[in-house]
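A.B. asks: Take this structure, written in structure tokens, and hold onto it; I'll ask about it next.
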Amino acid sequence: MKLVFLDKKTIGDDIDFSPFYAIGKVDEYPFSTPEEVPERVKDADVIIVNKVPINKQTLSKADHLKLVCVTATGTNNLDKDYLAKRGIAWRNVAGYSTESVAQHTFAMLFYLLEHLRYYDDYVTKKHYLSDTMFTHFDRKFHQINGMTWGIIGLGAIGRRVADIAKLFGANVIYYSTSKSAPQKGYNQVDFDTLLTSSDIISIHAPLNEHTEGLLNEYAFKKMQRRAILLNLGRGPIVDETALTSALKEKQIAAAGLDVLTEEPMSPTSPLLEILDYDNLLITPHIAWASVEARTRLMQIIVGQIQEFFQL
């Protein structure tokens, strides 16, 4: 059996890939362009892929292909109709990064809520040396206890964030972008109520026709000026031009983004205008990527291959 990793670098070099070599012959490519894929997969029984497009063009020579494994939850890069016509199975992975993303959500919140960039600079630039007082009050912050935390997308990650927020004493509400039935134990509200009531809004929703551009100029005008926005779902859920204006005009207090409309960041991104703002934190899509989450991801994919081929 031959397994081909088309963009192995997206998993990292620090993860143990030896279980795949116990299954069969393995070809590894750090990255692959669509033009490179046909030749690289022509003898493959299994393709393991993250972002590379899998379609009629890229699989034109893949006569032996039986299974495509996506090292992610999202499968927008797969032409599922074409795979079905060819009788090629596919698998994705859900639930492997819940703890990692929830942890990063709070890391971003604390950084913004407590003005940690400012206070770190205050000390590292030696302003604290020989200060007149032991405490420096210039940037005020508040406790999560008693705040209202609004969640957009109450899947596994959203529920985990909600449960932790409750432990901090937050009043948690959520908005269902799919208009699904209320979930027991959680307070579902309409979108306007979430926008106008929340001190903190965190996004944990997928990108689809219901969520694209959801946080736009209208939404930012509805939000409270003290509100903090955290996007750990998908970049295009937030209108980055509208967010840039909202931060410039102090319509909201701060924003933390782990996902962007274009990744890596586009040289034409409107956010470049405000990168030096201390109320904006951008991380390069790392919330999912703890060592434990990536290890679990690979273990699940090994299990999927073994189950499919009954090894």
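Naming scheme: A, B, ... for chains in displayed order of the structure tokens; residues 1 onward per chain; ligands 1 onward as shown.
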I'd like the contact shell of Asn77 in chain A - 8 Å cut-off, only C-alpha atoms, skipping same-chain residues fewer than 2 positions apart - returned as a compact mmCIF listing (two decimals) with N, CA and C atoms, in the first residue's frame.

C.D. replies:
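Wrote it out as part01.txt, contents follow:
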```
# COMPACT_ATOMS: atom_id res chain seq x y z
N LYS A 51 -4.73 21.24 2.81
CA LYS A 51 -5.30 22.34 2.02
C LYS A 51 -5.28 22.12 0.52
N VAL A 52 -4.53 21.15 0.03
CA VAL A 52 -4.38 20.97 -1.41
C VAL A 52 -5.72 20.59 -2.05
N PRO A 53 -6.10 21.21 -3.17
CA PRO A 53 -7.35 20.85 -3.85
C PRO A 53 -7.33 19.40 -4.34
N ILE A 54 -8.41 18.69 -4.06
CA ILE A 54 -8.55 17.31 -4.53
C ILE A 54 -9.76 17.27 -5.44
N THR A 75 -13.62 20.49 4.83
CA THR A 75 -13.35 19.70 3.62
C THR A 75 -13.67 20.50 2.35
N ASP A 79 -13.56 17.90 -3.90
CA ASP A 79 -14.69 17.81 -4.82
C ASP A 79 -15.39 16.48 -4.51
```

A.B. asks: Would you mind writing down, as number ranges by chain, each residue of range 57-169 of chain A that DSSP on the backbone assigns to alpha helix (DSSP H)?

C.D. replies: A: 80-86, 98-113, 116-124, 156-167

A.B. asks: Would you pick out the contacts of Tyr111 in chain A at 12 Å or less, using only C-alpha atoms, so that residues sharing its chain but fewer than 2 positions from it are not included, and give the list as a ChimeraX atom specification?

C.D. replies: /A:104-109,113-120,141,228,230,254-256,278-283

A.B. asks: Would you work out the distance separating CA of Gly24 in chain A from CA of Ile305 in chain A, expressed in Å to one decimal?

C.D. replies: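 Distance between the two atoms: 10.7 Å.
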
A.B. asks: Which residues are near range 56-61 of chain A? Cut-off 7 Å, only C-alpha atoms, ignore same chain within fewer than 4 positions. Put them as number ranges by chain.

C.D. replies: A: 34, 37-39, 42, 82

A.B. asks: Which of range 57-203 of chain A end up as strand (DSSP E) when DSSP is run on this backbone - answer as an NGL selection string?

C.D. replies: :A and (67-70 or 89-91 or 148-152 or 171-175 or 187-188 or 200-203)

A.B. asks: Determine the nearest neighbour of Lys2 in chain A from the options A:Glu28, A:Asp43, A:Glu263, A:Glu35, counting only C-alpha atoms.

C.D. replies: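 Smallest distance to Lys2 in chain A is found for A:Asp43.
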
A.B. asks: In Å, how far is it from CA of Lys8 in chain A to CA of Tyr29 in chain A?

C.D. replies: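 Between CA of Lys8 in chain A and CA of Tyr29 in chain A the gap works out to 6.0 Å.
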
A.B. asks: Kindly give the distance, in Å, that separates CA of Glu99 in chain A and CA of Trp288 in chain A, rounded to a single decimal.

C.D. replies: 8.5 Å

A.B. asks: So which residues touch Lys80 in chain A within 10 Å, counting only C-alpha atoms, skipping near sequence neighbours fewer than 5 positions away, as a VMD selection string?

C.D. replies: chain A and resid 54 to 55 75 85 to 86 88 to 90

A.B. asks: Those residues you just picked out, can you put them in a file as a PDB file, in the first residue's frame with N, CA and C atoms?

C.D. replies:
```pdb
ATOM      1  N   ILE A  54      -8.406  18.686  -4.058  1.00  0.00           N
ATOM      2  CA  ILE A  54      -8.546  17.309  -4.525  1.00  0.00           C
ATOM      3  C   ILE A  54      -9.757  17.268  -5.444  1.00  0.00           C
ATOM      4  N   ASN A  55      -9.484  17.127  -6.754  1.00  0.00           N
ATOM      5  CA  ASN A  55     -10.548  17.214  -7.753  1.00  0.00           C
ATOM      6  C   ASN A  55     -10.154  16.453  -9.017  1.00  0.00           C
ATOM      7  N   THR A  75     -13.625  20.487   4.831  1.00  0.00           N
ATOM      8  CA  THR A  75     -13.351  19.699   3.622  1.00  0.00           C
ATOM      9  C   THR A  75     -13.671  20.496   2.350  1.00  0.00           C
ATOM     10  N   LYS A  85     -18.190   9.804  -7.733  1.00  0.00           N
ATOM     11  CA  LYS A  85     -18.244   9.198  -9.069  1.00  0.00           C
ATOM     12  C   LYS A  85     -17.128   8.186  -9.272  1.00  0.00           C
ATOM     13  N   ARG A  86     -15.973   8.486  -8.684  1.00  0.00           N
ATOM     14  CA  ARG A  86     -14.827   7.591  -8.804  1.00  0.00           C
ATOM     15  C   ARG A  86     -14.853   6.457  -7.779  1.00  0.00           C
ATOM     16  N   ILE A  88     -14.172   6.855  -4.633  1.00  0.00           N
ATOM     17  CA  ILE A  88     -13.067   7.123  -3.703  1.00  0.00           C
ATOM     18  C   ILE A  88     -13.645   7.646  -2.400  1.00  0.00           C
ATOM     19  N   ALA A  89     -13.317   7.011  -1.301  1.00  0.00           N
ATOM     20  CA  ALA A  89     -13.815   7.417   0.013  1.00  0.00           C
ATOM     21  C   ALA A  89     -12.992   8.579   0.548  1.00  0.00           C
ATOM     22  N   TRP A  90     -13.595   9.325   1.466  1.00  0.00           N
ATOM     23  CA  TRP A  90     -12.851  10.393   2.127  1.00  0.00           C
ATOM     24  C   TRP A  90     -13.202  10.427   3.605  1.00  0.00           C
TER      25      TRP A  90
END
```

A.B. asks: Would you mind telling me which residue in A:Thr98, A:Thr148, A:Asn216, A:Asn171 lies nearest to Leu243 in chain A when using only C-alpha atoms?

C.D. replies: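 Looking only at the distances to Leu243 in chain A, the closest residue turns out to be A:Asn216.
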
A.B. asks: Which one is closest to Ser176 in chain A: A:Arg160, A:His210, A:Arg40, A:His285? Count only C-alpha atoms.

C.D. replies: A:His210

A.B. asks: Choose the residue, out of A:Ser100, A:Asp121, A:Ser245, A:Ala227, that has the smallest atom-to-atom separation from Ile144 in chain A; count only C-alpha atoms.

C.D. replies: A:Ala227

A.B. asks: When distances are computed from only C-alpha atoms, which of A:Gln310, A:Thr193, A:Thr295, A:Thr241 shows the smallest separation from Thr261 in chain A?

C.D. replies: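 Nearest candidate to Thr261 in chain A out of A:Gln310, A:Thr193, A:Thr295, A:Thr241: A:Thr241.
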
A.B. asks: For Met223 in chain A, please output as a compact mmCIF listing (two decimals) with C-alpha atoms, in the first residue's frame all residues within 10 Å (counting only C-alpha atoms; exclusion window: fewer than 4 positions along the same chain).

C.D. replies:
```
# COMPACT_ATOMS: atom_id res chain seq x y z
CA ASP A 192 -29.06 41.43 17.83
CA THR A 193 -29.41 40.47 21.49
CA LEU A 194 -26.01 38.83 21.45
CA LEU A 195 -24.42 41.90 19.85
CA THR A 196 -25.98 44.46 22.18
CA SER A 197 -25.62 42.46 25.40
CA SER A 198 -22.15 40.92 25.22
CA ASP A 199 -18.99 42.20 26.84
CA ILE A 200 -17.07 39.42 25.09
CA ILE A 201 -17.99 37.74 21.81
CA TYR A 218 -23.90 46.78 11.10
CA ALA A 219 -22.76 44.32 13.75
CA ALA A 227 -16.80 44.68 23.89
CA ILE A 228 -13.94 42.37 22.97
CA LEU A 229 -14.27 40.26 19.81
CA ALA A 246 -14.46 49.75 14.31
CA GLN A 251 -16.69 51.27 18.35
CA ILE A 252 -15.40 48.19 20.20
CA ALA A 253 -12.63 47.85 22.75
```

A.B. asks: Tell me which of A:Val49, A:Glu273, A:Ala205, A:Asn187 sits closest to Val259 in chain A, counting only C-alpha atoms.

C.D. replies: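 Closest candidate: A:Ala205.
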
A.B. asks: Do a neighbour search on Phe31 in chain A at 7 Å with only C-alpha atoms, toss out local chain neighbours closer than 6 positions, and write the hits as a list in words.

C.D. replies: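 Returned residues: Leu6, Asp7, Lys8 and Lys9 of chain A.
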
A.B. asks: Go ahead and write the residues just picked, C-alpha atoms, as a PDB file, in the first residue's frame.

C.D. replies:
```
ATOM      1  CA  LEU A   6       0.847  16.175  -0.010  1.00  0.00           C
ATOM      2  CA  ASP A   7       1.420  19.014   2.486  1.00  0.00           C
ATOM      3  CA  LYS A   8       3.077  17.441   5.516  1.00  0.00           C
ATOM      4  CA  LYS A   9       4.509  20.761   6.720  1.00  0.00           C
TER       5      LYS A   9
END
```

A.B. asks: Can you check which parts of range 33-96 of chain A lie within 12 Å of range 150-156 of chain A? Per residue, the shortest pair of atoms and distance in Å to one decimal, counting only C-alpha atoms, sorted by chain and number, as JSON lines.

C.D. replies:
```
{"residue": "A:Ala94", "atom": "CA", "partner": "A:Ala156", "partner_atom": "CA", "distance": 9.3}
{"residue": "A:Gly95", "atom": "CA", "partner": "A:Ala156", "partner_atom": "CA", "distance": 7.1}
{"residue": "A:Tyr96", "atom": "CA", "partner": "A:Ala156", "partner_atom": "CA", "distance": 10.2}
```
